[in-house]
$ cat start14.cif   # mmCIF, C-alpha atoms and all ligand atoms
data_structure
#
loop_
_atom_site.label_atom_id
_atom_site.label_comp_id
_atom_site.auth_asym_id
_atom_site.auth_seq_id
_atom_site.Cartn_x
_atom_site.Cartn_y
_atom_site.Cartn_z
CA MET Q 28 -3.84 -27.74 16.39
CA VAL Q 29 -1.73 -25.43 18.54
CA ARG Q 30 -3.20 -23.09 21.09
CA ILE Q 31 -2.41 -19.44 21.66
CA SER Q 32 -1.07 -19.12 25.18
CA ASP Q 33 -0.06 -15.47 25.47
CA VAL Q 34 -0.67 -12.17 23.68
CA ARG Q 35 1.21 -9.04 24.60
CA ALA Q 36 1.20 -5.60 22.97
CA TYR Q 37 3.64 -2.71 23.30
CA GLU Q 38 3.57 0.96 22.35
CA VAL Q 39 6.50 1.57 19.95
CA LEU Q 40 7.30 4.09 17.20
CA ASP Q 41 6.68 4.16 13.46
CA SER Q 42 8.89 5.76 10.79
CA ARG Q 43 7.45 9.22 11.43
CA GLY Q 44 8.18 8.95 15.13
CA ASN Q 45 4.53 8.43 16.04
CA PRO Q 46 3.39 5.66 18.37
CA THR Q 47 2.14 2.41 16.92
CA VAL Q 48 1.24 -1.05 18.18
CA TYR Q 49 3.66 -3.98 18.32
CA THR Q 50 2.30 -7.36 19.41
CA VAL Q 51 3.94 -10.66 20.28
CA VAL Q 52 1.84 -13.82 20.27
CA THR Q 53 3.14 -16.96 22.00
CA LEU Q 54 1.83 -20.48 21.38
CA GLU Q 55 1.59 -23.27 23.92
CA ASP Q 56 4.79 -24.90 22.69
CA GLY Q 57 6.70 -21.62 23.08
CA THR Q 58 6.65 -20.60 19.39
CA ARG Q 59 6.29 -16.86 18.88
CA GLY Q 60 5.05 -14.55 16.17
CA ASP Q 61 5.08 -10.76 16.13
CA ALA Q 62 3.78 -7.84 14.06
CA TYR Q 63 4.00 -4.06 13.87
CA VAL Q 64 1.11 -1.95 12.58
CA PRO Q 65 1.64 0.83 9.99
CA SER Q 66 -0.21 4.15 9.80
CA GLY Q 67 -1.40 6.37 6.93
CA ALA Q 68 -1.40 10.14 6.42
CA SER Q 69 -3.71 10.42 3.43
CA THR Q 70 -6.20 8.11 5.07
CA GLY Q 71 -9.52 7.34 3.43
CA LYS Q 72 -12.51 8.33 5.50
CA HIS Q 73 -14.05 4.86 5.12
CA GLU Q 74 -11.04 3.11 6.64
CA ALA Q 75 -11.33 1.07 9.82
CA LEU Q 76 -10.54 3.21 12.85
CA GLU Q 77 -7.01 3.65 14.12
CA LEU Q 78 -7.44 4.07 17.86
CA ARG Q 79 -5.41 6.99 19.30
CA ASP Q 80 -5.48 8.13 22.90
CA GLY Q 81 -5.97 11.87 22.38
CA GLY Q 82 -4.89 14.25 25.14
CA SER Q 83 -1.41 15.75 25.33
CA ARG Q 84 0.77 12.66 25.55
CA PHE Q 85 2.54 12.11 22.19
CA LEU Q 86 0.45 15.07 20.97
CA GLY Q 87 -2.64 12.92 21.17
CA LYS Q 88 -1.20 10.08 19.12
CA GLY Q 89 -0.49 7.62 21.89
CA VAL Q 90 -1.80 4.08 21.45
CA GLN Q 91 -2.01 3.02 25.09
CA LYS Q 92 -5.73 2.31 24.78
CA ALA Q 93 -5.13 0.03 21.79
CA VAL Q 94 -2.34 -1.70 23.70
CA GLU Q 95 -4.64 -2.14 26.70
CA ASN Q 96 -7.31 -3.59 24.43
CA VAL Q 97 -4.85 -6.19 23.16
CA ASN Q 98 -3.53 -7.03 26.60
CA GLY Q 99 -7.02 -7.10 28.10
CA VAL Q 100 -10.15 -8.12 26.22
CA ILE Q 101 -8.53 -9.35 23.01
CA SER Q 102 -6.01 -11.55 24.71
CA LYS Q 103 -8.77 -13.01 26.89
CA ALA Q 104 -10.79 -13.84 23.80
CA VAL Q 105 -8.04 -15.45 21.73
CA ILE Q 106 -5.95 -17.27 24.33
CA GLY Q 107 -6.75 -20.96 23.99
CA MET Q 108 -7.76 -20.61 20.34
CA ASN Q 109 -6.08 -22.61 17.58
CA ALA Q 110 -3.40 -20.42 15.98
CA LEU Q 111 -3.72 -22.42 12.76
CA ASP Q 112 -7.35 -21.30 12.40
CA GLN Q 113 -6.68 -17.71 11.33
CA ARG Q 114 -10.24 -17.08 10.27
CA ALA Q 115 -11.68 -18.14 13.62
CA VAL Q 116 -9.25 -15.87 15.46
CA ASP Q 117 -10.07 -12.93 13.18
CA GLU Q 118 -13.79 -13.55 13.49
CA ALA Q 119 -13.56 -13.72 17.27
CA MET Q 120 -11.94 -10.26 17.30
CA ILE Q 121 -14.43 -8.83 14.79
CA ASN Q 122 -17.32 -10.10 16.93
CA LEU Q 123 -15.74 -8.86 20.12
CA ASP Q 124 -15.38 -5.41 18.60
CA GLY Q 125 -18.92 -5.49 17.24
CA THR Q 126 -18.72 -2.23 15.23
CA GLU Q 127 -18.65 -1.64 11.47
CA ASN Q 128 -15.26 0.07 11.51
CA LYS Q 129 -13.53 -1.57 14.49
CA SER Q 130 -13.90 1.61 16.47
CA ARG Q 131 -14.38 -0.06 19.84
CA LEU Q 132 -11.09 -1.96 20.05
CA GLY Q 133 -9.24 -0.17 17.23
CA ALA Q 134 -8.13 -1.65 13.91
CA ASN Q 135 -4.53 -1.11 15.02
CA ALA Q 136 -5.09 -3.32 18.07
CA ILE Q 137 -6.92 -6.04 16.13
CA LEU Q 138 -4.54 -6.08 13.16
CA SER Q 139 -1.45 -6.45 15.31
CA VAL Q 140 -2.89 -9.65 16.81
CA SER Q 141 -4.19 -10.93 13.49
CA LEU Q 142 -0.76 -10.64 11.81
CA ALA Q 143 1.19 -11.88 14.82
CA VAL Q 144 -1.00 -15.00 14.98
CA ALA Q 145 -0.31 -15.72 11.30
CA ARG Q 146 3.43 -15.35 11.89
CA ALA Q 147 3.32 -17.57 14.94
CA ALA Q 148 1.44 -20.22 12.94
CA ALA Q 149 4.04 -20.10 10.15
CA ASN Q 150 6.83 -20.32 12.69
CA PHE Q 151 5.10 -23.26 14.39
CA LEU Q 152 4.95 -25.09 11.05
CA ASN Q 153 8.53 -24.02 10.39
CA ILE Q 154 7.76 -22.58 6.97
CA PRO Q 155 8.22 -19.04 5.67
CA LEU Q 156 5.26 -16.70 6.05
CA PHE Q 157 4.57 -16.42 2.32
CA ARG Q 158 4.38 -20.20 2.06
CA TYR Q 159 2.01 -20.42 5.02
CA LEU Q 160 -0.24 -17.77 3.48
CA GLY Q 161 -0.04 -18.93 -0.13
CA GLY Q 162 0.96 -22.58 -0.16
CA VAL Q 163 2.79 -23.90 -3.21
CA ASN Q 164 0.74 -21.60 -5.40
CA GLY Q 165 2.28 -18.36 -4.08
CA ILE Q 166 5.10 -17.96 -6.55
CA VAL Q 167 4.99 -14.51 -8.15
CA LEU Q 168 7.56 -11.91 -7.12
CA PRO Q 169 5.73 -8.59 -7.49
CA ILE Q 170 6.62 -5.70 -9.77
CA PRO Q 171 7.47 -2.84 -7.41
CA LEU Q 172 5.83 0.58 -7.84
CA MET Q 173 8.55 2.76 -6.33
CA ASN Q 174 7.71 6.22 -5.14
CA VAL Q 175 10.82 8.25 -6.00
CA ILE Q 176 9.26 11.72 -6.02
CA ASN Q 177 6.99 12.52 -3.08
CA GLY Q 178 4.39 15.27 -3.05
CA GLY Q 179 0.93 15.93 -1.64
CA VAL Q 180 0.58 15.37 2.09
CA HIS Q 181 3.73 13.21 2.15
CA ALA Q 182 6.07 16.11 1.50
CA ASP Q 183 6.43 19.74 2.33
CA ASN Q 184 6.67 20.87 -1.29
CA SER Q 185 4.63 22.27 -4.13
CA LEU Q 186 3.59 19.07 -5.92
CA ASP Q 187 -0.13 18.23 -5.91
CA ILE Q 188 0.24 14.60 -6.98
CA GLN Q 189 1.30 12.55 -3.98
CA GLU Q 190 3.44 9.85 -5.59
CA PHE Q 191 5.52 9.66 -8.76
CA MET Q 192 6.64 6.05 -9.08
CA ILE Q 193 9.05 4.18 -11.29
CA VAL Q 194 7.91 0.69 -12.32
CA PRO Q 195 10.60 -1.71 -13.57
CA ASP Q 196 8.03 -3.84 -15.38
CA GLY Q 197 10.45 -4.81 -18.12
CA ALA Q 198 13.00 -6.35 -15.74
CA GLU Q 199 13.69 -10.06 -15.93
CA THR Q 200 13.71 -10.87 -12.25
CA PHE Q 201 12.94 -9.10 -9.01
CA SER Q 202 16.61 -8.59 -8.25
CA HIS Q 203 17.11 -7.15 -11.72
CA ALA Q 204 14.18 -4.80 -11.04
CA ILE Q 205 15.81 -3.60 -7.84
CA GLN Q 206 19.14 -3.05 -9.56
CA ILE Q 207 17.80 -0.94 -12.42
CA ALA Q 208 15.45 0.98 -10.14
CA SER Q 209 18.30 1.76 -7.75
CA GLU Q 210 20.48 3.03 -10.59
CA THR Q 211 17.59 5.18 -11.82
CA PHE Q 212 16.97 6.51 -8.30
CA HIS Q 213 20.60 7.60 -7.98
CA THR Q 214 20.58 9.12 -11.44
CA LEU Q 215 17.47 11.07 -10.49
CA LYS Q 216 19.24 12.33 -7.39
CA LYS Q 217 22.16 13.54 -9.46
CA LEU Q 218 19.88 15.28 -11.99
CA LEU Q 219 17.89 17.04 -9.27
CA LYS Q 220 21.09 18.15 -7.57
CA GLU Q 221 22.54 19.48 -10.81
CA LYS Q 222 19.50 21.72 -11.21
CA GLY Q 223 19.82 22.98 -7.64
CA HIS Q 224 16.86 21.09 -6.22
CA SER Q 225 16.65 19.62 -2.76
CA VAL Q 226 17.40 15.91 -2.55
CA SER Q 227 16.17 15.43 0.99
CA VAL Q 228 13.56 12.72 1.12
CA GLY Q 229 9.89 12.63 2.07
CA ASP Q 230 7.94 10.14 4.17
CA GLU Q 231 8.26 7.30 1.69
CA GLY Q 232 11.92 7.83 0.86
CA GLY Q 233 11.41 9.64 -2.43
CA PHE Q 234 12.85 13.07 -3.14
CA ALA Q 235 10.65 16.00 -2.31
CA PRO Q 236 11.86 18.83 -4.55
CA ASN Q 237 9.93 22.04 -5.04
CA LEU Q 238 9.14 21.55 -8.71
CA GLY Q 239 6.86 23.61 -10.91
CA GLY Q 240 4.19 20.92 -11.24
CA THR Q 241 3.25 17.48 -12.49
CA ARG Q 242 4.95 17.67 -15.86
CA GLU Q 243 8.23 18.93 -14.48
CA ALA Q 244 8.31 16.00 -12.05
CA LEU Q 245 7.53 13.56 -14.86
CA ASP Q 246 10.22 15.11 -17.06
CA PHE Q 247 12.78 14.55 -14.32
CA LEU Q 248 11.70 10.93 -14.05
CA MET Q 249 11.98 10.45 -17.81
CA LYS Q 250 15.42 12.03 -17.89
CA ALA Q 251 16.59 9.78 -15.06
CA ILE Q 252 15.19 6.65 -16.71
CA GLU Q 253 16.80 7.57 -20.04
CA GLU Q 254 20.15 8.53 -18.60
CA ALA Q 255 20.25 5.33 -16.59
CA GLY Q 256 19.59 3.55 -19.89
CA TYR Q 257 16.33 1.83 -19.01
CA ASP Q 258 13.66 3.46 -21.16
CA ASP Q 259 12.70 0.00 -22.45
CA LEU Q 260 12.46 -1.50 -18.99
CA ILE Q 261 10.93 1.13 -16.71
CA SER Q 262 7.45 2.63 -16.81
CA ILE Q 263 5.76 5.19 -14.56
CA ALA Q 264 2.88 5.05 -12.09
CA LEU Q 265 1.11 7.85 -10.20
CA ASP Q 266 -0.86 8.07 -6.98
CA VAL Q 267 -2.82 11.28 -7.31
CA ALA Q 268 -4.48 10.80 -3.89
CA ALA Q 269 -7.23 13.02 -5.26
CA SER Q 270 -9.30 12.97 -2.07
CA GLU Q 271 -6.73 15.47 -0.79
CA LEU Q 272 -7.25 17.74 -3.84
CA TYR Q 273 -11.04 17.65 -3.90
CA LEU Q 274 -12.77 21.01 -3.55
CA GLY Q 275 -16.27 19.47 -3.61
CA ASP Q 276 -18.93 19.71 -6.28
CA GLY Q 277 -16.94 17.79 -8.90
CA LYS Q 278 -14.03 20.26 -8.73
CA TYR Q 279 -10.35 19.65 -8.03
CA ARG Q 280 -7.25 21.72 -7.38
CA MET Q 281 -4.50 20.53 -9.69
CA ASP Q 282 -1.29 22.24 -10.75
CA GLY Q 283 -2.46 25.69 -9.70
CA ARG Q 284 -5.79 25.40 -11.50
CA GLU Q 285 -9.32 24.44 -10.64
CA MET Q 286 -10.48 21.54 -12.82
CA ASN Q 287 -13.86 19.89 -13.25
CA ARG Q 288 -14.22 16.14 -13.79
CA GLN Q 289 -13.89 16.23 -17.56
CA GLU Q 290 -10.85 18.48 -17.32
CA MET Q 291 -9.29 16.03 -14.89
CA VAL Q 292 -9.88 13.09 -17.25
CA ASP Q 293 -8.46 15.11 -20.15
CA PHE Q 294 -5.46 16.06 -18.01
CA TYR Q 295 -4.79 12.36 -17.33
CA ARG Q 296 -5.26 11.50 -20.98
CA SER Q 297 -2.70 14.10 -21.99
CA LEU Q 298 -0.21 12.66 -19.47
CA LEU Q 299 -0.83 9.17 -20.87
CA ASP Q 300 -0.11 10.51 -24.35
CA ASP Q 301 3.21 12.02 -23.33
CA TYR Q 302 4.63 9.63 -20.71
CA PRO Q 303 4.84 5.83 -20.30
CA ILE Q 304 2.32 5.80 -17.44
CA ILE Q 305 0.87 2.35 -16.79
CA SER Q 306 -1.04 2.98 -13.57
CA ILE Q 307 -2.96 5.84 -11.93
CA GLU Q 308 -4.13 5.47 -8.33
CA ASP Q 309 -6.97 7.53 -6.88
CA PRO Q 310 -7.46 9.81 -9.91
CA PHE Q 311 -10.71 10.94 -8.24
CA ALA Q 312 -11.79 11.45 -4.64
CA GLU Q 313 -13.10 8.69 -2.38
CA ASP Q 314 -16.76 9.68 -2.69
CA ASP Q 315 -16.69 11.15 -6.19
CA TYR Q 316 -18.36 8.17 -7.83
CA GLU Q 317 -19.27 10.20 -10.90
CA GLY Q 318 -15.61 10.98 -11.47
CA TRP Q 319 -14.62 7.35 -10.98
CA GLU Q 320 -17.26 6.17 -13.42
CA MET Q 321 -16.14 8.71 -15.98
CA VAL Q 322 -12.43 7.94 -15.75
CA THR Q 323 -13.02 4.18 -15.80
CA ALA Q 324 -15.24 4.45 -18.87
CA GLU Q 325 -12.84 6.74 -20.71
CA LEU Q 326 -9.42 5.43 -19.69
CA GLY Q 327 -10.07 2.04 -18.08
CA GLN Q 328 -9.14 0.13 -21.21
CA THR Q 329 -5.74 1.72 -21.56
CA VAL Q 330 -4.35 2.22 -18.07
CA GLN Q 331 -4.54 0.54 -14.69
CA LEU Q 332 -6.80 2.59 -12.42
CA VAL Q 333 -6.19 1.70 -8.78
CA GLY Q 334 -8.80 2.36 -6.11
CA ASP Q 335 -7.30 3.17 -2.72
CA ASP Q 336 -9.41 5.62 -0.68
CA ILE Q 337 -12.54 4.62 -2.59
CA PHE Q 338 -12.27 0.89 -1.70
CA VAL Q 339 -10.22 0.96 1.54
CA THR Q 340 -9.61 -2.81 1.17
CA ASN Q 341 -13.28 -3.29 2.09
CA ILE Q 342 -15.02 -6.15 0.33
CA GLU Q 343 -18.40 -4.41 0.27
CA ARG Q 344 -17.02 -1.21 -1.20
CA LEU Q 345 -15.05 -3.22 -3.75
CA ALA Q 346 -18.15 -5.24 -4.70
CA GLU Q 347 -20.00 -1.98 -5.32
CA GLY Q 348 -17.12 -0.71 -7.45
CA ILE Q 349 -17.13 -3.88 -9.52
CA ARG Q 350 -20.90 -3.57 -10.05
CA GLU Q 351 -20.80 0.12 -10.92
CA GLY Q 352 -17.57 0.16 -12.92
CA TYR Q 353 -15.17 2.09 -10.71
CA ALA Q 354 -11.45 1.41 -11.31
CA ASN Q 355 -9.94 -1.83 -12.59
CA ALA Q 356 -7.53 -2.52 -9.73
CA ILE Q 357 -7.44 -2.19 -5.94
CA LEU Q 358 -4.78 -1.07 -3.52
CA ILE Q 359 -4.52 -3.50 -0.61
CA LYS Q 360 -3.65 -2.14 2.84
CA LEU Q 361 -4.08 -4.47 5.78
CA ASN Q 362 -4.71 -1.69 8.28
CA GLN Q 363 -7.51 -0.16 6.21
CA VAL Q 364 -9.68 -3.13 7.09
CA GLY Q 365 -7.98 -4.51 10.19
CA THR Q 366 -7.67 -8.29 9.82
CA LEU Q 367 -5.72 -10.66 7.59
CA SER Q 368 -8.84 -12.68 6.73
CA GLU Q 369 -10.79 -9.68 5.49
CA THR Q 370 -7.77 -8.58 3.47
CA LEU Q 371 -7.53 -12.00 1.82
CA ASP Q 372 -11.27 -11.85 1.05
CA ALA Q 373 -10.85 -8.50 -0.71
CA ILE Q 374 -7.91 -9.84 -2.73
CA ARG Q 375 -9.89 -12.90 -3.76
CA LEU Q 376 -12.92 -10.89 -4.82
CA ALA Q 377 -10.66 -8.60 -6.86
CA HIS Q 378 -8.89 -11.44 -8.66
CA GLU Q 379 -12.14 -13.28 -9.35
CA ASN Q 380 -13.38 -10.16 -11.11
CA ALA Q 381 -10.17 -9.48 -13.05
CA TYR Q 382 -9.33 -6.51 -10.86
CA ARG Q 383 -5.58 -6.30 -10.28
CA THR Q 384 -4.21 -6.01 -6.76
CA VAL Q 385 -1.34 -3.83 -5.55
CA ILE Q 386 -0.21 -4.76 -2.05
CA SER Q 387 0.73 -1.55 -0.25
CA HIS Q 388 2.63 -0.08 2.67
CA ARG Q 389 1.48 3.05 4.53
CA SER Q 390 3.35 6.33 4.64
CA GLY Q 391 4.01 5.65 8.34
CA GLU Q 392 5.75 2.26 8.45
CA THR Q 393 8.07 0.07 10.46
CA CYS Q 394 10.61 -2.48 9.27
CA ASP Q 395 7.95 -5.21 9.46
CA THR Q 396 7.94 -7.10 6.15
CA PHE Q 397 4.53 -8.80 6.31
CA ILE Q 398 3.34 -7.18 3.06
CA ALA Q 399 6.32 -8.58 1.13
CA ASP Q 400 5.29 -12.13 2.01
CA LEU Q 401 1.64 -11.35 1.41
CA SER Q 402 2.35 -10.06 -2.11
CA VAL Q 403 4.07 -13.33 -3.07
CA ALA Q 404 1.50 -15.52 -1.31
CA VAL Q 405 -1.47 -14.14 -3.26
CA ASN Q 406 0.36 -13.66 -6.57
CA ALA Q 407 -0.60 -10.01 -6.51
CA GLY Q 408 1.96 -9.21 -9.19
CA GLN Q 409 2.50 -5.71 -7.81
CA ILE Q 410 3.71 -4.14 -4.56
CA LYS Q 411 3.90 -0.48 -3.59
CA THR Q 412 6.38 0.02 -0.81
CA GLY Q 413 8.15 3.29 -1.37
CA SER Q 414 11.44 4.47 -2.67
CA LEU Q 415 14.92 2.97 -2.60
CA ALA Q 416 15.88 4.74 0.61
CA ARG Q 417 14.79 4.60 4.27
CA GLY Q 418 15.05 1.29 6.08
CA GLU Q 419 11.33 0.81 6.56
CA ARG Q 420 10.94 0.89 2.76
CA THR Q 421 13.98 -1.18 1.74
CA SER Q 422 13.20 -3.84 4.37
CA LYS Q 423 10.33 -5.03 2.15
CA TYR Q 424 12.51 -5.10 -0.95
CA ASN Q 425 15.20 -6.94 0.98
CA ARG Q 426 12.72 -9.56 2.10
CA LEU Q 427 11.60 -10.08 -1.51
CA LEU Q 428 15.22 -10.32 -2.69
CA TYR Q 429 15.76 -13.03 -0.09
CA ILE Q 430 12.58 -14.90 -1.07
CA GLU Q 431 13.58 -14.84 -4.75
CA ALA Q 432 17.12 -15.98 -4.05
CA GLU Q 433 16.11 -18.76 -1.66
CA TYR Q 434 12.86 -20.00 -3.16
CA GLY Q 435 12.79 -18.90 -6.79
CA GLY Q 436 9.44 -17.98 -8.30
CA THR Q 437 8.63 -15.88 -11.33
CA TYR Q 438 8.79 -12.12 -11.68
CA GLY Q 439 5.38 -11.48 -13.04
CA TYR Q 440 3.37 -8.57 -14.14
CA PHE Q 441 -0.25 -9.40 -14.67
CA ASP Q 442 -1.02 -7.04 -17.50
CA PRO Q 443 -4.63 -6.09 -16.83
CA PHE Q 444 -5.25 -5.78 -20.53
CA GLU Q 445 -3.85 -9.12 -21.56
CA VAL Q 446 -5.50 -11.41 -19.06
C1 LIG V 501 -1.39 5.90 -0.27
C2 LIG V 501 -0.56 5.68 0.95
C3 LIG V 501 0.66 4.83 0.77
P1 LIG V 501 -0.95 6.85 3.20
O1 LIG V 501 -2.11 6.91 -0.38
O2 LIG V 501 -1.47 5.04 -1.14
O3 LIG V 501 1.54 5.33 -0.20
O4 LIG V 501 -0.36 6.81 1.70
O5 LIG V 501 -0.40 5.68 3.92
O6 LIG V 501 -0.51 8.17 3.73
O7 LIG V 501 -2.45 6.75 3.07
MG MG V 502 -3.05 6.02 -2.28
#
$ encode --input "start14.cif" --output "C-alpha cells" --more "lines below"
Ligand code: 2PG
Ligand code: MG
Amino acid sequence: MVRISDVRAYEVLDSRGNPTVYTVVTLEDGTRGDAYVPSGASTGKHEALELRDGGSRFLGKGVQKAVENVNGVISKAVIGMNALDQRAVDEAMINLDGTENKSRLGANAILSVSLAVARAAANFLNIPLFRYLGGVNGIVLPIPLMNVINGGVHADNSLDIQEFMIVPDGAETFSHAIQIASETFHTLKKLLKEKGHSVSVGDEGGFAPNLGGTREALDFLMKAIEEAGYDDLISIALDVAASELYLGDGKYRMDGREMNRQEMVDFYRSLLDDYPIISIEDPFAEDDYEGWEMVTAELGQTVQLVGDDIFVTNIERLAEGIREGYANAILIKLNQVGTLSETLDAIRLAHENAYRTVISHRSGETCDTFIADLSVAVNAGQIKTGSLARGERTSKYNRLLYIEAEYGGTYGYFDPFEV
C-alpha cells in the first residue's frame, strides 16, 4: 500500500490551443504520476461533461473551475488513499461528484486524477504503465487506424465524412506498420500536391483537401497505397461521424444529397464493394437506433461497425447495444466516461461479448501517451490516434514503437469475423 500525499492540477493547452487539465499526483514516498486530458470536437451528446468556465476568458473555454475542483474537493477526498487501489480512488471521485454525467466536478477534472494515480502507481512499482494496467497478459501491439484525410468538423473543407484512415493490417510488426503507413502518407501528399490540392493538415494531422466527395478521397487513398506498393498490406477505415450529418427523421446529408436510412446503408455497401474498407465508425447518428439496427443487420457480418457517439464508452449504453444489435465494435475514449475503471469495465464488457475495441485519441490532444499503453494492456488490437504528422499524434506511435522494441509482443489484428 502507498498513500497519495498530494494532488495538484494546472490549466495548460491542448493541440488546438484550448485550455485543458494537467494533474500531478504525488505519493507518500515522493513518487509522482501525471496526466493530461484530451478534448473532442465531434462530441457525443451522451458523453460525460467536460467542465468549461464560460465567460470571456479563453473565449469561454477556460478550465479554472475544473482545476479548482481537483485542487480542492477531489484532492481532499483522495489524499491518504491507496494509489494501488485504482478502483477505490475512482469510486471515491464518482461518489463525490454524485451526478450521472460527472457534471458537478467535470469529467476533465476527475479523469486527470484517475490517470495520474495510475501512472504514479506504475512508477511506484517501477514497471511500465502498460504492464501495470495489463500484467503479463497485455502483449498485443495494436493495428493503427490512421486518419490521413480529415473532413467533417475536423477540417475546413468540403468532405462530409470526418476521417479517411489507412490501416496497415497486413504488416508483420508494429514498426513495419508505421514504416509502410508513413511511406503511404508521403505518397499521398505528393499525389495531392501534383493535382494542385492543399496539403495543409487538419486537427488530427491528416490532409484536408477540398475534394469533390467521398469517392474522390477514397480514390486518392487507393492511388497512394498502390503507388507506395502496399495494396496487399493496407486496408481502409472510415469514421463517418454521422451525428454531425443527421438532419433528423431518419435523413442524412451526404455528398451533396439527402439520404434516408436505406440509401445510407446502400451507399456504404457500394463503398465496400469498390474499396478495401474493413471498418466503418458511426455510420449512423448517436440516437438513430433504427439506422444502427439496420446497418448492423445488413452489413455487420462483413465489416467492423464501430460505435463511438452511440456508446460513448458507457457500459450501460454498450450493454443496450449488445442486447439490441447495434454495431459490433466500440470506440474507447477515456474522457467520454471520465475514469480509468469505468473505461476498463466497458472494454471488458465489449470483449466478453465479442465486440472489438478501438482505443482512441480525441481531436484535441496533448503529447500524453496513456492510450498507447492502454491499448497494449487490454489487447485491444486496434488504436486510432491520427495521422503520421503532428507531435500529439506521433507521440502515441512513438510510445508503441518503444514498447515493441523494448518488450516485444505480437502485432495482432483480432479479425471480428474469425474469432
Ligand atoms: C472521433 C474523434 C476522434 P472527436 O469522432 O472519433 O477522432 O473525434 O475527438 O472530435 O470527437
Ligand atoms: Mg468518431
$ closest_residue --input "start14.cif" --among "Q:Arg344, Q:Arg114, Q:Lys72, Q:Arg158" --to "ligand LIG 501 (chain V)" --atoms "all atoms listed in the file"
Q:Lys72
$ residues_near_point --input "start14.cif" --point "(12.9, -5.3, 1.7)" --cutoff "12 Å" --atoms "all atoms listed in the file" --output "ChimeraX atom specification"
/Q:171,201-202,205,388,393-400,410-431
$ closest_residue --input "start14.cif" --among "Q:Asn164, Q:Gln363, Q:Thr384, Q:Gln189" --to "ligand MG 502 (chain V)" --atoms "all atoms listed in the file"
Q:Gln189
$ residues_around --input "start14.cif" --residues "Glu95 in chain Q" --least-positions-apart "5" --cutoff "10 Å" --atoms "all atoms listed in the file" --output "count of residues only"
10
$ residues_near_ligand --input "start14.cif" --ligand "ligand MG 502 (chain V)" --cutoff "7 Å" --atoms "all atoms listed in the file" --output "PyMOL selection string"
chain Q and resi 266+268+308-309+335-336
$ residues_around --input "start14.cif" --residues "range 311-320 of chain Q" --least-positions-apart "2" --cutoff "6 Å" --atoms "all atoms listed in the file" --output "PyMOL selection string"
chain Q and resi 269-270+288+309+322-323+336-337+353
$ residues_near_ligand --input "start14.cif" --ligand "ligand LIG 501 (chain V)" --cutoff "6 Å" --atoms "all atoms listed in the file" --output "list in words"
Gly67, Ala68, Ser69, Thr70, Ala268, His388, Arg389 and Ser390 of chain Q
$ atom_distance --input "start14.cif" --atom1 "CA of Ser139 in chain Q" --atom2 "CA of Phe157 in chain Q"
17.4 Å
$ closest_residue --input "start14.cif" --among "Q:Ile261, Q:Ile374, Q:Leu168, Q:Ala255" --to "Thr211 in chain Q" --atoms "all atoms listed in the file"
Q:Ala255
$ atom_distance --input "start14.cif" --atom1 "CA of Lys92 in chain Q" --atom2 "CA of Asp80 in chain Q"
6.1 Å
$ closest_residue --input "start14.cif" --among "Q:Val116, Q:Val52, Q:Ala235, Q:Val180" --to "Phe151 in chain Q" --atoms "only C-alpha atoms"
Q:Val52
$ residues_around --input "start14.cif" --residues "Leu299 in chain Q" --least-positions-apart "4" --cutoff "10 Å" --atoms "all atoms listed in the file" --output "MDAnalysis selection string"
chainID Q and resid 263 293:295 303:307 326 329:330
$ residues_near_point --input "start14.cif" --point "(-9.7, 0.4, -0.2)" --cutoff "8 Å" --atoms "only C-alpha atoms" --output "PyMOL selection string"
chain Q and resi 71+74+334-341+344-345+357-360+363
$ decode --input "start14.cif" --residues "range 289-297 of chain Q" --atoms "N, CA, C and O atoms" --output "PDB file, in the first residue's frame"
ATOM      1  N   GLN Q 289     -32.099   3.639 -45.651  1.00  0.00           N
ATOM      2  CA  GLN Q 289     -31.766   2.574 -46.598  1.00  0.00           C
ATOM      3  C   GLN Q 289     -30.761   3.068 -47.635  1.00  0.00           C
ATOM      4  O   GLN Q 289     -29.830   2.344 -48.007  1.00  0.00           O
ATOM      5  N   GLU Q 290     -30.911   4.315 -48.051  1.00  0.00           N
ATOM      6  CA  GLU Q 290     -29.935   4.857 -49.015  1.00  0.00           C
ATOM      7  C   GLU Q 290     -28.541   4.954 -48.394  1.00  0.00           C
ATOM      8  O   GLU Q 290     -27.531   4.736 -49.069  1.00  0.00           O
ATOM      9  N   MET Q 291     -28.491   5.263 -47.113  1.00  0.00           N
ATOM     10  CA  MET Q 291     -27.194   5.312 -46.434  1.00  0.00           C
ATOM     11  C   MET Q 291     -26.563   3.914 -46.410  1.00  0.00           C
ATOM     12  O   MET Q 291     -25.377   3.752 -46.712  1.00  0.00           O
ATOM     13  N   VAL Q 292     -27.345   2.903 -46.030  1.00  0.00           N
ATOM     14  CA  VAL Q 292     -26.806   1.535 -45.984  1.00  0.00           C
ATOM     15  C   VAL Q 292     -26.340   1.121 -47.380  1.00  0.00           C
ATOM     16  O   VAL Q 292     -25.246   0.553 -47.546  1.00  0.00           O
ATOM     17  N   ASP Q 293     -27.123   1.446 -48.392  1.00  0.00           N
ATOM     18  CA  ASP Q 293     -26.740   1.079 -49.763  1.00  0.00           C
ATOM     19  C   ASP Q 293     -25.480   1.824 -50.202  1.00  0.00           C
ATOM     20  O   ASP Q 293     -24.640   1.270 -50.922  1.00  0.00           O
ATOM     21  N   PHE Q 294     -25.364   3.073 -49.767  1.00  0.00           N
ATOM     22  CA  PHE Q 294     -24.163   3.865 -50.057  1.00  0.00           C
ATOM     23  C   PHE Q 294     -22.939   3.171 -49.447  1.00  0.00           C
ATOM     24  O   PHE Q 294     -21.907   2.986 -50.107  1.00  0.00           O
ATOM     25  N   TYR Q 295     -23.057   2.749 -48.186  1.00  0.00           N
ATOM     26  CA  TYR Q 295     -21.930   2.044 -47.545  1.00  0.00           C
ATOM     27  C   TYR Q 295     -21.623   0.732 -48.273  1.00  0.00           C
ATOM     28  O   TYR Q 295     -20.468   0.388 -48.489  1.00  0.00           O
ATOM     29  N   ARG Q 296     -22.675   0.018 -48.635  1.00  0.00           N
ATOM     30  CA  ARG Q 296     -22.464  -1.257 -49.315  1.00  0.00           C
ATOM     31  C   ARG Q 296     -21.709  -1.042 -50.625  1.00  0.00           C
ATOM     32  O   ARG Q 296     -20.799  -1.800 -50.965  1.00  0.00           O
ATOM     33  N   SER Q 297     -22.052   0.015 -51.337  1.00  0.00           N
ATOM     34  CA  SER Q 297     -21.375   0.260 -52.612  1.00  0.00           C
ATOM     35  C   SER Q 297     -19.905   0.625 -52.378  1.00  0.00           C
ATOM     36  O   SER Q 297     -19.031   0.242 -53.157  1.00  0.00           O
TER      37      SER Q 297
END
